[in-house]
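Here's entry_39.csv, which has CSV, C-alpha atoms:
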```csv
chain,number,residue,atom,x,y,z
U,29,MET,CA,-3.1,50.2,-85.2
U,30,GLU,CA,0.1,50.3,-87.0
U,31,MET,CA,1.9,49.2,-83.9
U,32,ASP,CA,-0.4,46.3,-83.7
U,33,ASN,CA,0.3,45.2,-87.3
U,34,PHE,CA,4.0,45.6,-86.7
U,35,SER,CA,4.0,43.4,-83.7
U,36,PHE,CA,1.9,40.8,-85.5
U,37,SER,CA,4.4,40.6,-88.4
U,38,VAL,CA,7.2,40.2,-85.8
U,39,LYS,CA,5.3,37.3,-84.3
U,40,LYS,CA,4.9,35.8,-87.8
U,41,THR,CA,8.6,36.0,-88.6
U,42,PHE,CA,9.5,34.6,-85.2
U,43,THR,CA,7.2,31.6,-85.8
U,44,VAL,CA,8.6,30.9,-89.2
U,45,ILE,CA,12.2,31.1,-87.9
U,46,ILE,CA,11.5,28.8,-85.0
U,47,VAL,CA,9.7,26.1,-87.0
U,48,SER,CA,12.3,26.3,-89.8
U,49,LEU,CA,15.0,25.9,-87.1
U,50,PHE,CA,13.3,22.7,-85.9
U,51,GLY,CA,13.1,21.5,-89.5
U,52,GLY,CA,16.8,22.3,-90.1
U,53,LEU,CA,17.8,20.4,-86.9
U,54,THR,CA,15.8,17.4,-88.0
U,55,ILE,CA,17.3,17.4,-91.4
U,56,SER,CA,20.9,17.7,-90.0
U,57,ALA,CA,20.0,14.8,-87.7
U,58,VAL,CA,19.0,12.7,-90.7
U,59,PHE,CA,22.2,13.5,-92.5
U,60,LEU,CA,24.6,13.2,-89.6
U,61,GLY,CA,22.9,10.2,-88.0
U,62,ARG,CA,23.5,6.7,-88.9
U,63,SER,CA,22.7,5.6,-92.4
U,64,PRO,CA,19.3,4.1,-92.7
U,65,ASP,CA,20.8,0.9,-94.1
U,66,THR,CA,22.5,0.1,-90.8
U,67,ALA,CA,19.8,1.5,-88.4
U,68,ARG,CA,17.1,-1.2,-88.3
U,69,ILE,CA,14.9,-0.3,-85.5
U,70,GLY,CA,12.7,-3.4,-85.6
U,71,ARG,CA,15.3,-6.1,-86.0
U,72,LEU,CA,14.6,-7.4,-82.5
U,73,TYR,CA,10.9,-7.6,-83.3
U,74,LEU,CA,11.7,-9.4,-86.6
U,75,GLU,CA,13.8,-12.0,-84.8
U,76,ARG,CA,11.3,-12.5,-82.0
U,77,GLY,CA,8.4,-12.4,-84.4
U,78,PHE,CA,9.5,-15.7,-86.0
U,79,GLU,CA,9.3,-17.4,-82.6
U,80,LEU,CA,5.5,-17.0,-82.7
U,81,GLU,CA,4.5,-20.2,-84.5
U,82,ASN,CA,1.1,-19.4,-85.7
U,83,ILE,CA,1.6,-15.8,-86.8
U,84,SER,CA,3.3,-15.5,-90.1
U,85,ASN,CA,2.4,-11.8,-90.5
U,86,THR,CA,5.2,-10.1,-88.4
U,87,VAL,CA,3.5,-6.7,-88.6
U,88,PHE,CA,0.5,-8.2,-86.8
U,89,GLY,CA,2.8,-9.9,-84.4
U,90,VAL,CA,4.3,-6.4,-83.5
U,91,TYR,CA,1.1,-4.6,-82.9
U,92,GLY,CA,-1.0,-7.6,-81.7
U,93,MET,CA,1.6,-9.2,-79.4
U,94,PHE,CA,4.6,-7.1,-78.5
U,95,ARG,CA,3.0,-3.7,-78.5
U,96,PHE,CA,-0.4,-4.7,-77.2
U,97,TYR,CA,-0.9,-1.5,-75.2
U,98,ASP,CA,-0.5,0.6,-78.4
U,99,THR,CA,-3.5,-1.2,-79.9
U,100,LEU,CA,-5.5,-1.0,-76.7
U,101,LEU,CA,-5.1,2.8,-76.4
U,102,GLU,CA,-5.5,3.3,-80.1
U,103,LEU,CA,-8.9,1.6,-79.8
U,104,MET,CA,-9.7,3.9,-76.8
U,105,ILE,CA,-8.8,7.0,-78.8
U,106,PHE,CA,-11.0,5.9,-81.7
U,107,SER,CA,-13.9,5.1,-79.3
U,108,THR,CA,-13.5,8.6,-77.8
U,109,ALA,CA,-13.8,10.3,-81.2
U,110,VAL,CA,-16.9,8.1,-82.1
U,111,LEU,CA,-18.4,8.9,-78.7
U,112,GLY,CA,-18.0,12.6,-79.2
U,113,ILE,CA,-19.7,12.4,-82.6
U,114,THR,CA,-22.6,10.3,-81.4
U,115,ILE,CA,-23.2,12.6,-78.4
U,116,PHE,CA,-23.3,15.7,-80.7
U,117,SER,CA,-25.5,13.8,-83.2
U,118,ASP,CA,-28.0,13.2,-80.4
U,119,LEU,CA,-27.9,16.8,-79.2
U,120,GLU,CA,-28.4,18.4,-82.6
U,121,PRO,CA,-30.4,16.4,-85.1
U,122,SER,CA,-30.1,17.2,-88.8
U,123,THR,CA,-32.1,20.3,-89.8
U,124,ARG,CA,-32.7,18.9,-93.3
U,125,THR,CA,-36.3,18.0,-94.0
U,126,ARG,CA,-37.3,14.8,-95.7
U,127,GLY,CA,-37.2,14.6,-99.5
U,128,GLU,CA,-34.4,17.2,-99.6
U,129,GLN,CA,-31.8,14.5,-100.4
U,130,MET,CA,-29.1,15.3,-102.9
U,131,ILE,CA,-29.4,13.1,-106.1
U,132,GLU,CA,-26.4,11.0,-106.9
U,133,SER,CA,-25.3,10.1,-110.4
U,134,HIS,CA,-26.5,6.8,-112.0
U,135,VAL,CA,-23.1,5.3,-111.9
U,136,VAL,CA,-23.0,5.4,-108.0
U,137,THR,CA,-26.6,4.1,-107.6
U,138,ALA,CA,-26.1,1.3,-110.1
U,139,SER,CA,-22.7,0.1,-108.9
U,140,ALA,CA,-23.4,0.3,-105.2
U,141,SER,CA,-25.8,-2.6,-104.9
U,142,PHE,CA,-23.5,-5.2,-106.5
U,143,LEU,CA,-20.2,-3.8,-105.2
U,144,TYR,CA,-21.2,-3.6,-101.5
U,145,PRO,CA,-21.3,-7.4,-100.9
U,146,ILE,CA,-17.8,-7.7,-102.4
U,147,MET,CA,-16.5,-5.0,-100.0
U,148,ALA,CA,-18.2,-6.7,-97.0
U,149,VAL,CA,-16.7,-10.1,-97.8
U,150,PHE,CA,-13.3,-8.5,-98.3
U,151,GLY,CA,-13.5,-6.8,-94.9
U,152,LEU,CA,-14.5,-10.1,-93.2
U,153,TYR,CA,-11.6,-11.9,-95.0
U,154,LEU,CA,-9.1,-9.2,-93.7
U,155,ALA,CA,-10.4,-9.6,-90.1
U,156,PHE,CA,-10.2,-13.4,-90.3
U,157,SER,CA,-6.8,-13.7,-91.9
U,158,ALA,CA,-4.8,-10.9,-90.2
U,159,HIS,CA,-2.3,-13.3,-88.6
U,160,LEU,CA,-1.6,-15.0,-92.0
U,161,GLY,CA,-1.4,-12.1,-94.4
U,162,PRO,CA,-1.9,-8.4,-94.7
U,163,GLY,CA,-5.0,-7.2,-92.8
U,164,GLY,CA,-6.3,-6.5,-89.3
U,165,GLY,CA,-9.3,-5.4,-87.4
U,166,PHE,CA,-8.9,-1.7,-88.1
U,167,ALA,CA,-8.5,-2.1,-91.9
U,168,ALA,CA,-11.4,-4.6,-92.0
U,169,GLY,CA,-13.7,-2.2,-90.1
U,170,VAL,CA,-12.8,0.8,-92.2
U,171,ILE,CA,-13.4,-1.1,-95.4
U,172,GLY,CA,-16.8,-2.3,-94.2
U,173,GLY,CA,-17.8,1.2,-93.1
U,174,SER,CA,-16.8,2.7,-96.4
U,175,GLY,CA,-18.9,0.1,-98.2
U,176,ILE,CA,-21.9,1.1,-96.1
U,177,LEU,CA,-21.2,4.7,-96.9
U,178,PHE,CA,-21.2,3.8,-100.6
U,179,LEU,CA,-24.6,2.1,-100.1
U,180,ALA,CA,-25.9,5.2,-98.2
U,181,LEU,CA,-24.8,7.5,-101.0
U,182,SER,CA,-26.9,5.5,-103.5
U,183,LYS,CA,-30.0,4.8,-101.3
U,184,GLY,CA,-30.0,7.9,-99.2
U,185,ALA,CA,-28.5,8.4,-95.7
U,186,GLU,CA,-31.9,8.4,-94.0
U,187,GLU,CA,-32.9,5.1,-95.5
U,188,MET,CA,-29.7,3.5,-94.3
U,189,GLY,CA,-30.0,5.2,-90.9
U,190,ARG,CA,-33.4,3.5,-90.5
U,191,ARG,CA,-32.2,0.1,-91.7
U,192,PHE,CA,-29.3,0.1,-89.2
U,193,ASN,CA,-31.2,1.0,-86.1
U,194,GLU,CA,-29.1,3.4,-84.1
U,195,HIS,CA,-29.8,2.1,-80.6
U,196,THR,CA,-29.1,-1.5,-81.6
U,197,MET,CA,-25.9,-0.4,-83.4
U,198,LYS,CA,-24.8,1.5,-80.3
U,199,ARG,CA,-25.4,-1.5,-78.0
U,200,VAL,CA,-23.5,-3.9,-80.3
U,201,GLU,CA,-20.6,-1.4,-80.5
U,202,TYR,CA,-20.2,-1.2,-76.8
U,203,ILE,CA,-20.5,-4.9,-76.4
U,204,ALA,CA,-17.8,-5.4,-79.0
U,205,LEU,CA,-15.6,-2.8,-77.4
U,206,VAL,CA,-15.9,-4.3,-73.9
U,207,PHE,CA,-15.3,-7.8,-75.4
U,208,ALA,CA,-12.2,-6.8,-77.3
U,209,MET,CA,-10.7,-4.9,-74.3
U,210,LEU,CA,-11.6,-7.8,-71.9
U,211,ALA,CA,-9.9,-10.3,-74.2
U,212,MET,CA,-6.8,-8.0,-74.6
U,213,VAL,CA,-6.5,-7.3,-70.9
U,214,LEU,CA,-6.9,-11.0,-70.1
U,215,GLY,CA,-4.2,-11.6,-72.7
U,216,ILE,CA,-1.9,-9.2,-70.9
U,217,LEU,CA,-2.6,-10.6,-67.5
U,218,PHE,CA,-2.5,-14.3,-68.4
U,219,PRO,CA,-0.4,-14.6,-71.6
U,220,LYS,CA,0.3,-18.2,-71.0
U,221,LEU,CA,-3.3,-19.2,-70.5
U,222,ILE,CA,-4.6,-17.4,-73.6
U,223,PHE,CA,-1.9,-17.2,-76.1
U,224,GLU,CA,-0.2,-20.5,-75.6
U,225,ASP,CA,-2.8,-23.0,-74.5
U,226,LEU,CA,-5.1,-22.0,-77.4
U,227,GLN,CA,-2.2,-21.7,-79.8
U,228,GLY,CA,-3.1,-18.1,-80.0
U,229,ILE,CA,-5.3,-18.5,-83.1
U,230,GLY,CA,-8.7,-18.6,-81.5
U,231,VAL,CA,-8.2,-15.6,-79.4
U,232,ILE,CA,-6.5,-13.6,-82.1
U,233,ILE,CA,-9.4,-14.2,-84.6
U,234,VAL,CA,-12.0,-13.3,-82.0
U,235,VAL,CA,-10.2,-10.2,-80.9
U,236,ASN,CA,-9.8,-9.1,-84.5
U,237,MET,CA,-13.4,-9.7,-85.2
U,238,ALA,CA,-14.5,-7.7,-82.2
U,239,ILE,CA,-12.1,-4.8,-83.2
U,240,GLY,CA,-13.4,-5.0,-86.7
U,241,LEU,CA,-17.0,-4.8,-85.6
U,242,LYS,CA,-16.3,-1.9,-83.3
U,243,VAL,CA,-14.4,0.0,-86.0
U,244,PHE,CA,-17.0,-0.8,-88.6
U,245,ILE,CA,-19.8,0.7,-86.5
U,246,GLY,CA,-17.6,3.6,-85.4
U,247,THR,CA,-16.7,4.4,-89.0
U,248,TRP,CA,-20.3,4.2,-90.1
U,249,ALA,CA,-21.3,6.5,-87.2
U,250,ILE,CA,-18.7,9.1,-88.2
U,251,LEU,CA,-19.4,9.0,-92.0
U,252,HIS,CA,-23.1,8.9,-91.4
U,253,PHE,CA,-22.9,12.0,-89.3
U,254,PHE,CA,-21.0,13.9,-92.0
U,255,VAL,CA,-23.2,12.7,-94.8
U,256,LYS,CA,-26.4,13.6,-92.9
U,257,HIS,CA,-25.1,17.1,-92.2
U,258,ARG,CA,-23.6,17.9,-95.5
U,259,GLY,CA,-24.6,21.2,-97.1
U,260,GLU,CA,-25.9,22.6,-93.8
U,261,VAL,CA,-24.6,25.7,-91.9
P,24,MET,CA,19.3,9.1,-102.0
P,25,SER,CA,16.7,8.4,-99.3
P,26,ASN,CA,18.3,11.1,-97.3
P,27,PHE,CA,17.3,13.8,-99.8
P,28,ALA,CA,13.8,12.3,-100.0
P,29,ALA,CA,13.6,12.4,-96.2
P,30,THR,CA,14.7,16.1,-96.3
P,31,ILE,CA,11.8,16.9,-98.6
P,32,THR,CA,9.3,15.3,-96.2
P,33,ILE,CA,10.7,17.3,-93.4
P,34,ILE,CA,10.3,20.5,-95.4
P,35,ILE,CA,6.6,19.5,-96.0
P,36,VAL,CA,6.3,19.0,-92.2
P,37,VAL,CA,7.7,22.5,-91.7
P,38,VAL,CA,5.3,24.0,-94.3
P,39,GLY,CA,2.4,22.3,-92.6
P,40,ALA,CA,3.4,23.4,-89.1
P,41,ILE,CA,3.7,27.0,-90.3
P,42,GLY,CA,0.3,26.8,-91.8
P,43,LEU,CA,-1.1,25.3,-88.7
P,44,ILE,CA,0.2,28.2,-86.6
P,45,LEU,CA,-0.3,31.2,-88.9
P,46,LYS,CA,-3.5,30.5,-90.8
P,47,LYS,CA,-6.6,32.1,-89.4
P,48,ASN,CA,-9.1,29.9,-91.1
P,49,LEU,CA,-10.1,26.8,-89.1
P,50,LEU,CA,-10.5,24.6,-92.1
P,51,MET,CA,-7.0,25.6,-93.3
P,52,LYS,CA,-5.6,24.7,-89.9
P,53,LEU,CA,-7.1,21.2,-90.1
P,54,LEU,CA,-5.8,20.9,-93.7
P,55,SER,CA,-2.3,21.8,-92.4
P,56,LEU,CA,-2.6,19.3,-89.6
P,57,SER,CA,-3.5,16.6,-92.2
P,58,ILE,CA,-0.4,17.7,-94.3
P,59,VAL,CA,1.9,17.3,-91.3
P,60,ASN,CA,0.5,13.8,-90.6
P,61,THR,CA,0.8,12.7,-94.1
P,62,ALA,CA,4.4,14.0,-94.3
P,63,THR,CA,5.3,12.1,-91.1
P,64,ILE,CA,4.0,8.9,-92.5
P,65,LEU,CA,6.0,9.5,-95.7
P,66,PHE,CA,9.1,10.1,-93.6
P,67,PHE,CA,8.6,6.8,-91.8
P,68,VAL,CA,8.2,5.0,-95.1
P,69,LEU,CA,11.3,6.7,-96.6
P,70,VAL,CA,13.6,6.2,-93.6
P,71,VAL,CA,13.2,2.4,-93.5
P,72,TYR,CA,13.0,1.9,-97.3
P,73,ARG,CA,15.7,-0.4,-98.6
P,74,PRO,CA,15.6,-1.7,-102.2
P,75,GLY,CA,14.9,-5.4,-102.5
P,76,ASP,CA,13.1,-5.8,-99.1
P,77,ARG,CA,10.1,-8.0,-98.9
P,78,ALA,CA,6.9,-7.8,-96.8
P,79,PRO,CA,7.6,-9.5,-93.5
P,80,ILE,CA,5.2,-12.4,-94.2
P,81,GLY,CA,6.2,-16.0,-94.5
P,82,PRO,CA,9.2,-18.2,-93.6
P,83,GLU,CA,12.4,-16.7,-94.9
P,84,THR,CA,15.6,-15.4,-93.2
P,85,VAL,CA,15.4,-12.2,-91.2
P,86,SER,CA,17.8,-10.2,-93.4
P,87,GLN,CA,15.4,-10.3,-96.4
P,88,TYR,CA,12.5,-8.6,-94.7
P,89,ALA,CA,11.5,-5.0,-94.3
P,90,ASP,CA,11.3,-3.5,-90.8
P,91,PRO,CA,7.9,-4.3,-89.2
P,92,LEU,CA,8.0,-1.7,-86.4
P,93,PRO,CA,7.4,1.4,-88.5
P,94,GLN,CA,4.6,-0.3,-90.4
P,95,ALA,CA,2.8,-1.0,-87.1
P,96,LEU,CA,3.5,2.6,-85.9
P,97,VAL,CA,2.1,4.1,-89.1
P,98,LEU,CA,-1.0,1.9,-88.8
P,99,THR,CA,-1.6,3.4,-85.4
P,100,SER,CA,-0.9,6.9,-86.6
P,101,ILE,CA,-3.4,6.6,-89.5
P,102,VAL,CA,-6.3,5.6,-87.2
P,103,ILE,CA,-5.5,8.3,-84.7
P,104,ASN,CA,-5.4,10.9,-87.5
P,105,PHE,CA,-8.8,9.8,-88.6
P,106,GLY,CA,-10.2,10.1,-85.1
P,107,VAL,CA,-8.7,13.5,-84.4
P,108,LEU,CA,-9.7,14.9,-87.8
P,109,ALA,CA,-13.3,13.7,-87.4
P,110,LEU,CA,-13.6,15.1,-83.9
P,111,SER,CA,-12.0,18.5,-84.8
P,112,LEU,CA,-14.2,18.8,-87.9
P,113,LEU,CA,-17.2,18.3,-85.6
P,114,PHE,CA,-16.1,21.1,-83.3
P,115,THR,CA,-15.5,23.3,-86.3
P,116,MET,CA,-19.1,22.6,-87.3
P,117,VAL,CA,-20.3,23.5,-83.8
P,118,LEU,CA,-18.4,26.8,-83.9
P,119,VAL,CA,-19.6,27.7,-87.4
P,120,LYS,CA,-23.2,26.9,-86.5
P,121,ARG,CA,-23.0,29.3,-83.6
P,122,TYR,CA,-20.9,32.2,-85.0
P,123,HIS,CA,-21.3,31.8,-88.8
P,124,THR,CA,-17.6,32.3,-89.5
P,125,LEU,CA,-14.5,30.2,-89.9
P,126,ASP,CA,-12.1,33.1,-89.0
P,127,LEU,CA,-10.5,32.4,-85.6
P,128,GLY,CA,-9.9,36.1,-84.8
P,129,LYS,CA,-13.6,36.9,-85.3
P,130,ILE,CA,-14.7,33.9,-83.2
P,131,GLU,CA,-12.4,35.0,-80.4
P,132,LYS,CA,-13.9,38.5,-80.5
P,133,PHE,CA,-17.4,37.1,-80.4
P,134,VAL,CA,-16.6,34.9,-77.4
P,135,LYS,CA,-15.0,37.8,-75.6
P,136,GLU,CA,-18.1,39.9,-76.2
P,137,GLU,CA,-20.3,37.2,-74.9
P,138,PHE,CA,-18.2,36.7,-71.8
P,139,GLU,CA,-18.3,40.5,-71.0
P,140,GLU,CA,-22.1,40.5,-71.6
P,141,GLU,CA,-22.5,37.7,-69.1
P,142,LYS,CA,-20.3,39.4,-66.6
P,143,SER,CA,-22.1,42.7,-66.7
```
Mind turning this structure into structure tokens?
Amino acid sequence: MEMDNFSFSVKKTFTVIIVSLFGGLTISAVFLGRSPDTARIGRLYLERGFELENISNTVFGVYGMFRFYDTLLELMIFSTAVLGITIFSDLEPSTRTRGEQMIESHVVTASASFLYPIMAVFGLYLAFSAHLGPGGGFAAGVIGGSGILFLALSKGAEEMGRRFNEHTMKRVEYIALVFAMLAMVLGILFPKLIFEDLQGIGVIIVVNMAIGLKVFIGTWAILHFFVKHRGEV
Amino acid sequence: MSNFAATITIIIVVVGAIGLILKKNLLMKLLSLSIVNTATILFFVLVVYRPGDRAPIGPETVSQYADPLPQALVLTSIVINFGVLALSLLFTMVLVKRYHTLDLGKIEKFVKEEFEEEKS
């Protein structure tokens, strides 16, 4: 037993040493490397970003135009997480019986009903205007999903689960995902047809709306799962 | 000065990584993972920070703008962190429902016992 403890502490020390060594190497690389003032990684993107006529938000230009695969695979990772949670949610329904809902404070219940429309409109605005200013599909979806979570905390998760029918939501989510991916892949295959002939704008807004819808439903699915199962186990 | 700030973020990454490896509690592991991710985002922000930069929106000359690439990368990283954290919390819930403990050593012992029972 003592021997076992000893070997474990050796393992611990070894781990600390290795990880600290990695940290020290990174720190020395930061100090010895070029100064951050001269090393501008994205200068090329900045210069090329201004060639896109209709996109004044260069950050959106980078992840929506030049690094399209990033966004595509990011969407796939997010969908995988949502898929895992929906599968588990179907396998093991909540053990909580009805009427056992936790009671929220009056501040939450009173403010949710008039704050939710503002949040929804803000999310829509971010999805529509991502190419002009700060925003994007992901941010829009997460804001909308958090708004619905807010509403669910005030009205009860079961009530909201009934109002947003799960099967319909799932179908809409898949349609949005397929639509967004189709538009993106078509954009990769025929960049001229889609991004130049339509001036980019129409397709960008539609793709952003589809991503926003997808992320909105996915965020709601994840948050709904954790709200439904809170206090269990 | 941003070099020293970047050093602090790397120290935070090291602390998070040590916690991720050495902690036995599953929730503590996830917390450490979250710390590592947040410190990485902070590192990105600090490395490209230059006083006087503006957000890269609108028609001005290139030299006045902040670097857009790290901003796009951080955006990706935040979404992926959200997905990974949600899915691993779900798996933690599955394990806790089955074994009623968060301790990884105990869970390993239970799994080993179950495996030997099945074999015999």
Mind listing as a PyMOL selection string which residues of chain P are within 9 Å of chain U, counting all atoms listed in the file? chain P and resi 25-27+29-30+33-34+36-38+40-41+44-45+70-73+78-82+85-86+88-96+98-100+102-103+105-107+109-110+113+116-117+119-120+123
Go ahead and dump the residues you just picked, C-alpha atoms, as a PDB file, keeping the file's coordinate frame.
```pdb
ATOM      1  CA  SER P  25      16.700   8.400 -99.300  1.00  0.00           C
ATOM      2  CA  ASN P  26      18.300  11.100 -97.300  1.00  0.00           C
ATOM      3  CA  PHE P  27      17.300  13.800 -99.800  1.00  0.00           C
ATOM      4  CA  ALA P  29      13.600  12.400 -96.200  1.00  0.00           C
ATOM      5  CA  THR P  30      14.700  16.100 -96.300  1.00  0.00           C
ATOM      6  CA  ILE P  33      10.700  17.300 -93.400  1.00  0.00           C
ATOM      7  CA  ILE P  34      10.300  20.500 -95.400  1.00  0.00           C
ATOM      8  CA  VAL P  36       6.300  19.000 -92.200  1.00  0.00           C
ATOM      9  CA  VAL P  37       7.700  22.500 -91.700  1.00  0.00           C
ATOM     10  CA  VAL P  38       5.300  24.000 -94.300  1.00  0.00           C
ATOM     11  CA  ALA P  40       3.400  23.400 -89.100  1.00  0.00           C
ATOM     12  CA  ILE P  41       3.700  27.000 -90.300  1.00  0.00           C
ATOM     13  CA  ILE P  44       0.200  28.200 -86.600  1.00  0.00           C
ATOM     14  CA  LEU P  45      -0.300  31.200 -88.900  1.00  0.00           C
ATOM     15  CA  VAL P  70      13.600   6.200 -93.600  1.00  0.00           C
ATOM     16  CA  VAL P  71      13.200   2.400 -93.500  1.00  0.00           C
ATOM     17  CA  TYR P  72      13.000   1.900 -97.300  1.00  0.00           C
ATOM     18  CA  ARG P  73      15.700  -0.400 -98.600  1.00  0.00           C
ATOM     19  CA  ALA P  78       6.900  -7.800 -96.800  1.00  0.00           C
ATOM     20  CA  PRO P  79       7.600  -9.500 -93.500  1.00  0.00           C
ATOM     21  CA  ILE P  80       5.200 -12.400 -94.200  1.00  0.00           C
ATOM     22  CA  GLY P  81       6.200 -16.000 -94.500  1.00  0.00           C
ATOM     23  CA  PRO P  82       9.200 -18.200 -93.600  1.00  0.00           C
ATOM     24  CA  VAL P  85      15.400 -12.200 -91.200  1.00  0.00           C
ATOM     25  CA  SER P  86      17.800 -10.200 -93.400  1.00  0.00           C
ATOM     26  CA  TYR P  88      12.500  -8.600 -94.700  1.00  0.00           C
ATOM     27  CA  ALA P  89      11.500  -5.000 -94.300  1.00  0.00           C
ATOM     28  CA  ASP P  90      11.300  -3.500 -90.800  1.00  0.00           C
ATOM     29  CA  PRO P  91       7.900  -4.300 -89.200  1.00  0.00           C
ATOM     30  CA  LEU P  92       8.000  -1.700 -86.400  1.00  0.00           C
ATOM     31  CA  PRO P  93       7.400   1.400 -88.500  1.00  0.00           C
ATOM     32  CA  GLN P  94       4.600  -0.300 -90.400  1.00  0.00           C
ATOM     33  CA  ALA P  95       2.800  -1.000 -87.100  1.00  0.00           C
ATOM     34  CA  LEU P  96       3.500   2.600 -85.900  1.00  0.00           C
ATOM     35  CA  LEU P  98      -1.000   1.900 -88.800  1.00  0.00           C
ATOM     36  CA  THR P  99      -1.600   3.400 -85.400  1.00  0.00           C
ATOM     37  CA  SER P 100      -0.900   6.900 -86.600  1.00  0.00           C
ATOM     38  CA  VAL P 102      -6.300   5.600 -87.200  1.00  0.00           C
ATOM     39  CA  ILE P 103      -5.500   8.300 -84.700  1.00  0.00           C
ATOM     40  CA  PHE P 105      -8.800   9.800 -88.600  1.00  0.00           C
ATOM     41  CA  GLY P 106     -10.200  10.100 -85.100  1.00  0.00           C
ATOM     42  CA  VAL P 107      -8.700  13.500 -84.400  1.00  0.00           C
ATOM     43  CA  ALA P 109     -13.300  13.700 -87.400  1.00  0.00           C
ATOM     44  CA  LEU P 110     -13.600  15.100 -83.900  1.00  0.00           C
ATOM     45  CA  LEU P 113     -17.200  18.300 -85.600  1.00  0.00           C
ATOM     46  CA  MET P 116     -19.100  22.600 -87.300  1.00  0.00           C
ATOM     47  CA  VAL P 117     -20.300  23.500 -83.800  1.00  0.00           C
ATOM     48  CA  VAL P 119     -19.600  27.700 -87.400  1.00  0.00           C
ATOM     49  CA  LYS P 120     -23.200  26.900 -86.500  1.00  0.00           C
ATOM     50  CA  HIS P 123     -21.300  31.800 -88.800  1.00  0.00           C
TER      51      HIS P 123
END
```
If you take every atom of range 154-161 of chain U that the file lists and fit an axis-aligned box around them with 4 Å extra on each side, what centre and edge lengths come out in Å to one decimal, as AutoDock Vina command-line options?
```
--center_x -5.9 --center_y -12.1 --center_z -91.5 --size_x 17.0 --size_y 13.8 --size_z 13.8
```
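Between CA of Tyr144 in chain U and CA of Ala208 in chain U lies a distance of 26.0 Å.
Coordinates place CA of Asp118 in chain U at a distance of 15.0 Å from CA of Arg190 in chain U.
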With all atoms listed in the file as the counted atoms, please give the residues lying no more than 10 Å from Val234 in chain U, apart from itself and same-chain residues fewer than 3 positions off, as a VMD selection string. chain U and resid 155 to 156 165 207 to 208 211 229 to 231 237 to 240
Requested write-out: C-alpha atoms of the selected residues, as a PDB file, in the coordinates of the input:
```pdb
ATOM      1  CA  ALA U 155     -10.400  -9.600 -90.100  1.00  0.00           C
ATOM      2  CA  PHE U 156     -10.200 -13.400 -90.300  1.00  0.00           C
ATOM      3  CA  GLY U 165      -9.300  -5.400 -87.400  1.00  0.00           C
ATOM      4  CA  PHE U 207     -15.300  -7.800 -75.400  1.00  0.00           C
ATOM      5  CA  ALA U 208     -12.200  -6.800 -77.300  1.00  0.00           C
ATOM      6  CA  ALA U 211      -9.900 -10.300 -74.200  1.00  0.00           C
ATOM      7  CA  ILE U 229      -5.300 -18.500 -83.100  1.00  0.00           C
ATOM      8  CA  GLY U 230      -8.700 -18.600 -81.500  1.00  0.00           C
ATOM      9  CA  VAL U 231      -8.200 -15.600 -79.400  1.00  0.00           C
ATOM     10  CA  MET U 237     -13.400  -9.700 -85.200  1.00  0.00           C
ATOM     11  CA  ALA U 238     -14.500  -7.700 -82.200  1.00  0.00           C
ATOM     12  CA  ILE U 239     -12.100  -4.800 -83.200  1.00  0.00           C
ATOM     13  CA  GLY U 240     -13.400  -5.000 -86.700  1.00  0.00           C
TER      14      GLY U 240
END
```
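For Arg121 in chain P, the non-local neighbours within 12 Å, defined as residues at least 3 positions apart in the same chain or in other chains and counting all atoms listed in the file, are Val261 of chain U; Phe114, Thr115, Met116, Val117, Leu118, Thr124, Leu125, Ile130, Phe133 and Val134 of chain P.
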Can you list, as a PyMOL selection string, every protein, DNA or RNA residue that comes within 9 Å of Ser57 in chain P when you count only C-alpha atoms, leaving out same-chain residues fewer than 5 positions away? chain P and resi 39+52+62+104+108
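Coordinates place CA of Ala180 in chain U at a distance of 13.2 Å from CA of Arg258 in chain U.
Nearest to Lys183 in chain U of all the residues U:Val200, U:Val136, U:Leu154, U:Leu210 is U:Val136, counting all atoms listed in the file.
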Output range 105-112 of chain P with N, CA and C atoms present, as an mmCIF file, in the frame of the given file.
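File produced: rebuild.cif:
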```
data_model
loop_
_atom_site.group_PDB
_atom_site.id
_atom_site.type_symbol
_atom_site.label_atom_id
_atom_site.label_comp_id
_atom_site.auth_asym_id
_atom_site.auth_seq_id
_atom_site.Cartn_x
_atom_site.Cartn_y
_atom_site.Cartn_z
ATOM 1 N N PHE P 105 -7.368 9.822 -88.246
ATOM 2 C CA PHE P 105 -8.800 9.800 -88.600
ATOM 3 C C PHE P 105 -9.679 10.232 -87.496
ATOM 4 N N GLY P 106 -9.425 9.720 -86.278
ATOM 5 C CA GLY P 106 -10.200 10.100 -85.100
ATOM 6 C C GLY P 106 -10.121 11.581 -84.816
ATOM 7 N N VAL P 107 -8.874 12.087 -84.800
ATOM 8 C CA VAL P 107 -8.700 13.500 -84.400
ATOM 9 C C VAL P 107 -9.294 14.411 -85.474
ATOM 10 N N LEU P 108 -9.138 14.065 -86.759
ATOM 11 C CA LEU P 108 -9.700 14.900 -87.800
ATOM 12 C C LEU P 108 -11.220 14.928 -87.726
ATOM 13 N N ALA P 109 -11.838 13.753 -87.487
ATOM 14 C CA ALA P 109 -13.300 13.700 -87.400
ATOM 15 C C ALA P 109 -13.794 14.557 -86.255
ATOM 16 N N LEU P 110 -13.153 14.408 -85.072
ATOM 17 C CA LEU P 110 -13.600 15.100 -83.900
ATOM 18 C C LEU P 110 -13.420 16.640 -84.068
ATOM 19 N N SER P 111 -12.265 17.060 -84.660
ATOM 20 C CA SER P 111 -12.000 18.500 -84.800
ATOM 21 C C SER P 111 -12.925 19.105 -85.872
ATOM 22 N N LEU P 112 -13.267 18.324 -86.908
ATOM 23 C CA LEU P 112 -14.200 18.800 -87.900
ATOM 24 C C LEU P 112 -15.593 19.028 -87.240
#
```
